[in-house]
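**Student:** Pasting a structure here, questions to come.
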Amino acid sequence: MNDSINRKKEHTTKFREEVTSENQPIELWQQSAFDAAVEKLQAGYGNPDTVMRMGEAFGRGLFAQHIKDKTSTWTIKDWIAEIQKEVYKPLGTEFTFTKITPNVATTFMNRNPLVQTTHYPIAASLFTFGAMRGLFLSAFPKGELLINNLRNDDHPEFIFKTHALPKDKLQRERTIRKLTILKKEEGS
Amino acid sequence: MAREAFIDTTIQKKEGVIQTGIDKLDRLLEGGIPEGFTVVLLSSPGSSTEILVKQIATSGEVTYITTEETKKEILDTMQRFNWQIPEIDFVDISEKYYSNILQGEKKRVSIYEQRSKLNLKELIEISSTAMPSTATADEDFLAVLSNSTKKTPEKRITIINSLDFFLSQYCQDEVLRTVFAVKVNNMKNKSALLIVMTKGVHGEVFERKMEGLADAVLELDVVQKGSSFERYISVKKMRNYAKKIGIARYVIDDSGFVLEMIERIM
């Protein structure tokens, strides 16, 4: 009897582990999300906004599944520490933060394997921006992610603001527009 | 595993189910989608799910909630396939989303233009804000989704193409809550709700939650075989209808979505 209960318990635990597994390799997940974004871009009416949206959805998914403590009152410093450890380290993405204040953080992205290994680097940049934005807005819904110096593709500067000004909210569309050329280069 | 070739191309209309308008798909589903069912269409890149849902939308009584393409783009595709287009009730979230963005930008430009015509004194007077205020995409699209499904009449198909949009704008829990509300509305209306979601983007945990919430799960997949690709649609889940679990190969030709062979698991 006890044996049967134990077996059942073991089975239930295993099942639960499988269902709520947070061990899906982030790298593979990122690749499949990015592939889906590129496919959507190449489909009939795909546009660059779709790539960023898929990135945002992926970022929100990462936050939901890999960031455990969502009830805490986030500070930008906490968020950075958590995201670096749980998301960007496993993905092999490297940042250098040049400034961290309670409301603003500035960083350079030194290494982004997705951009470096893909045949669609511009789409990958857009997707990465979207993923970072999704991750950030999940923790700071009133915030915004800005990007500086788009010409310096290898090391763009990102600015995370926990409380965005109305003009900051246009940054997303500006980033897309600056990269609109990707539709011509990488679209159907 | 039982195999079944298509001999008849038409299928008898059954009570309690809503036909998709694609005969062979209805055959795969043993008559159609049971009334009140919420169906999740898990789409893999390259599986052309968008063509399938557009073809289903031409089947008759349909509400089409679009986030990926505008109404015009959808109608253009339908015309390209020469499908007869019935009166479709469109909820064009895509158009709303892009016009909100454009309005925000337009407002910003017009304020700049106005300011450029002012003299220094006037400029100082209004310079309390460093930048002109702008309106961006701040409409609550989840509320739009929820409201538009409340109003749908009975026994029709509602298509949401796709959930990806909402998952890029809102946290997963909020989206799940809204989908659940939409599902309840659909049950009350005895309609069929089709929700398209791209596989592999939102994480395994979320996909499983959606599969758990759905009454039926159809998965569209592409498999590379040598130098060619084969597409499959599988019925992964069908609540209370185990017999319907099956898989079929399909192609997209000039007429649209064409199923070739069904394999039943049971």
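Chain labels A, B, ... are given in the sequence in which chains occur in the structure tokens; within each chain residues are numbered consecutively from 1, and ligands are likewise numbered from 1 in the order shown.
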Please, which residues of chain A lie no more than 10 Å from chain B when the count uses only C-alpha atoms, and can they be set out as a ChimeraX atom specification?

**Tutor:** /A:18-24,26,28-40,42-47,49-50,52-65,130-131,133-134,137-139,141,165-170,173-174

**Student:** Could the residues in this selection be saved with C-alpha atoms as a PDB file, in the first residue's frame?

**Tutor:**
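Once everything was written out, this is out-v9.pdb:
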ATOM      1  CA  GLU A  18       8.056  18.115 -16.040  1.00  0.00           C
ATOM      2  CA  VAL A  19       5.097  20.450 -16.289  1.00  0.00           C
ATOM      3  CA  THR A  20       6.660  23.312 -14.400  1.00  0.00           C
ATOM      4  CA  SER A  21      10.182  22.699 -15.599  1.00  0.00           C
ATOM      5  CA  GLU A  22      12.178  25.864 -15.806  1.00  0.00           C
ATOM      6  CA  ASN A  23      15.104  23.988 -17.211  1.00  0.00           C
ATOM      7  CA  GLN A  24      14.250  24.425 -20.850  1.00  0.00           C
ATOM      8  CA  ILE A  26      17.320  29.286 -22.693  1.00  0.00           C
ATOM      9  CA  LEU A  28      17.414  26.763 -27.577  1.00  0.00           C
ATOM     10  CA  TRP A  29      14.329  28.687 -26.550  1.00  0.00           C
ATOM     11  CA  GLN A  30      15.881  31.924 -27.815  1.00  0.00           C
ATOM     12  CA  GLN A  31      16.824  30.275 -31.093  1.00  0.00           C
ATOM     13  CA  SER A  32      13.339  28.887 -31.698  1.00  0.00           C
ATOM     14  CA  ALA A  33      11.731  32.224 -30.805  1.00  0.00           C
ATOM     15  CA  PHE A  34      14.122  34.051 -33.120  1.00  0.00           C
ATOM     16  CA  ASP A  35      13.518  31.558 -35.957  1.00  0.00           C
ATOM     17  CA  ALA A  36       9.780  32.130 -35.549  1.00  0.00           C
ATOM     18  CA  ALA A  37      10.323  35.893 -35.674  1.00  0.00           C
ATOM     19  CA  VAL A  38      12.357  35.672 -38.876  1.00  0.00           C
ATOM     20  CA  GLU A  39       9.777  33.357 -40.418  1.00  0.00           C
ATOM     21  CA  LYS A  40       7.046  35.849 -39.603  1.00  0.00           C
ATOM     22  CA  GLN A  42       9.544  36.701 -44.291  1.00  0.00           C
ATOM     23  CA  ALA A  43       5.866  35.775 -44.484  1.00  0.00           C
ATOM     24  CA  GLY A  44       3.616  37.819 -46.756  1.00  0.00           C
ATOM     25  CA  TYR A  45       2.914  40.886 -44.670  1.00  0.00           C
ATOM     26  CA  GLY A  46       5.707  40.524 -42.128  1.00  0.00           C
ATOM     27  CA  ASN A  47       7.172  43.768 -40.924  1.00  0.00           C
ATOM     28  CA  ASP A  49       7.640  45.445 -35.796  1.00  0.00           C
ATOM     29  CA  THR A  50       6.735  41.737 -35.733  1.00  0.00           C
ATOM     30  CA  MET A  52      10.524  43.184 -32.114  1.00  0.00           C
ATOM     31  CA  ARG A  53       7.146  42.002 -30.834  1.00  0.00           C
ATOM     32  CA  MET A  54       8.317  38.391 -30.893  1.00  0.00           C
ATOM     33  CA  GLY A  55      11.408  39.510 -28.987  1.00  0.00           C
ATOM     34  CA  GLU A  56       9.211  41.267 -26.434  1.00  0.00           C
ATOM     35  CA  ALA A  57       7.001  38.192 -26.047  1.00  0.00           C
ATOM     36  CA  PHE A  58      10.112  36.057 -25.576  1.00  0.00           C
ATOM     37  CA  GLY A  59      11.470  38.515 -22.975  1.00  0.00           C
ATOM     38  CA  ARG A  60       8.183  38.486 -21.071  1.00  0.00           C
ATOM     39  CA  GLY A  61       8.189  34.682 -21.228  1.00  0.00           C
ATOM     40  CA  LEU A  62      11.733  34.580 -19.856  1.00  0.00           C
ATOM     41  CA  PHE A  63      10.740  36.858 -17.016  1.00  0.00           C
ATOM     42  CA  ALA A  64       7.672  34.758 -16.220  1.00  0.00           C
ATOM     43  CA  GLN A  65       9.555  31.478 -16.219  1.00  0.00           C
ATOM     44  CA  GLY A 130      12.638  43.482 -27.998  1.00  0.00           C
ATOM     45  CA  ALA A 131      13.672  40.713 -25.600  1.00  0.00           C
ATOM     46  CA  ARG A 133      12.465  45.498 -23.463  1.00  0.00           C
ATOM     47  CA  GLY A 134      10.076  42.644 -22.581  1.00  0.00           C
ATOM     48  CA  LEU A 137       8.904  46.157 -18.753  1.00  0.00           C
ATOM     49  CA  SER A 138       7.848  42.966 -16.964  1.00  0.00           C
ATOM     50  CA  ALA A 139       9.620  44.329 -13.879  1.00  0.00           C
ATOM     51  CA  PRO A 141       5.795  48.510 -16.458  1.00  0.00           C
ATOM     52  CA  LEU A 165       8.895  60.255 -20.221  1.00  0.00           C
ATOM     53  CA  PRO A 166       6.289  60.400 -22.978  1.00  0.00           C
ATOM     54  CA  LYS A 167       9.027  61.086 -25.530  1.00  0.00           C
ATOM     55  CA  ASP A 168      10.838  57.897 -24.419  1.00  0.00           C
ATOM     56  CA  LYS A 169       7.816  55.844 -25.418  1.00  0.00           C
ATOM     57  CA  LEU A 170       8.528  56.714 -29.041  1.00  0.00           C
ATOM     58  CA  GLU A 173       9.247  52.880 -33.015  1.00  0.00           C
ATOM     59  CA  ARG A 174      12.376  54.928 -33.738  1.00  0.00           C
TER      60      ARG A 174
END

**Student:** Could you find all residues in region 154-231 of chain B that DSSP calls strand (DSSP E or B) from the backbone, and write them as an MDAnalysis selection string?

**Tutor:** chainID B and resid 157:161 192:198 216:225 228:231

**Student:** Let's have the selection written as a JSON list (two decimals), in the first residue's frame, with C-alpha atoms.

**Tutor:**
[["chain", "number", "residue", "atom", "x", "y", "z"],
["B", 157, "ILE", "CA", -16.36, 30.67, -35.09],
["B", 158, "THR", "CA", -14.16, 33.26, -33.40],
["B", 159, "ILE", "CA", -10.55, 33.41, -34.57],
["B", 160, "ILE", "CA", -7.80, 35.14, -32.60],
["B", 161, "ASN", "CA", -4.75, 35.53, -34.81],
["B", 192, "ALA", "CA", -15.89, 27.62, -31.52],
["B", 193, "LEU", "CA", -12.92, 29.68, -30.45],
["B", 194, "LEU", "CA", -9.65, 29.30, -32.39],
["B", 195, "ILE", "CA", -6.57, 30.81, -30.82],
["B", 196, "VAL", "CA", -3.37, 30.91, -32.86],
["B", 197, "MET", "CA", -0.10, 30.89, -30.96],
["B", 198, "THR", "CA", 3.43, 30.43, -32.27],
["B", 216, "ALA", "CA", -8.59, 20.97, -28.15],
["B", 217, "VAL", "CA", -5.06, 21.46, -29.37],
["B", 218, "LEU", "CA", -4.10, 21.34, -33.02],
["B", 219, "GLU", "CA", -0.44, 21.53, -33.88],
["B", 220, "LEU", "CA", 0.91, 22.51, -37.27],
["B", 221, "ASP", "CA", 4.42, 21.38, -37.97],
["B", 222, "VAL", "CA", 6.98, 21.32, -40.75],
["B", 223, "VAL", "CA", 9.38, 18.40, -41.08],
["B", 224, "GLN", "CA", 12.37, 18.41, -43.39],
["B", 225, "LYS", "CA", 12.67, 15.19, -45.41],
["B", 228, "SER", "CA", 11.84, 18.81, -49.24],
["B", 229, "PHE", "CA", 9.54, 19.84, -46.44],
["B", 230, "GLU", "CA", 6.40, 18.08, -45.32],
["B", 231, "ARG", "CA", 3.69, 19.73, -43.32]]

**Student:** Counting only C-alpha atoms, which residue out of B:Val91, B:Ile33, B:Leu28, B:Leu145 sits closest to Lys190 (chain B)?

**Tutor:** B:Ile33

**Student:** Give me, as a ChimeraX atom specification, the residues of region 50-157 of chain A that a backbone DSSP run labels helix (DSSP H, G or I).

**Tutor:** /A:50-66,76-91,113-117,121-139

**Student:** What's the 9 Å shell around Glu211 (chain B), counting only C-alpha atoms, without same-chain residues fewer than 6 positions away, as a ChimeraX atom specification?

**Tutor:** /B:39-40,217,237
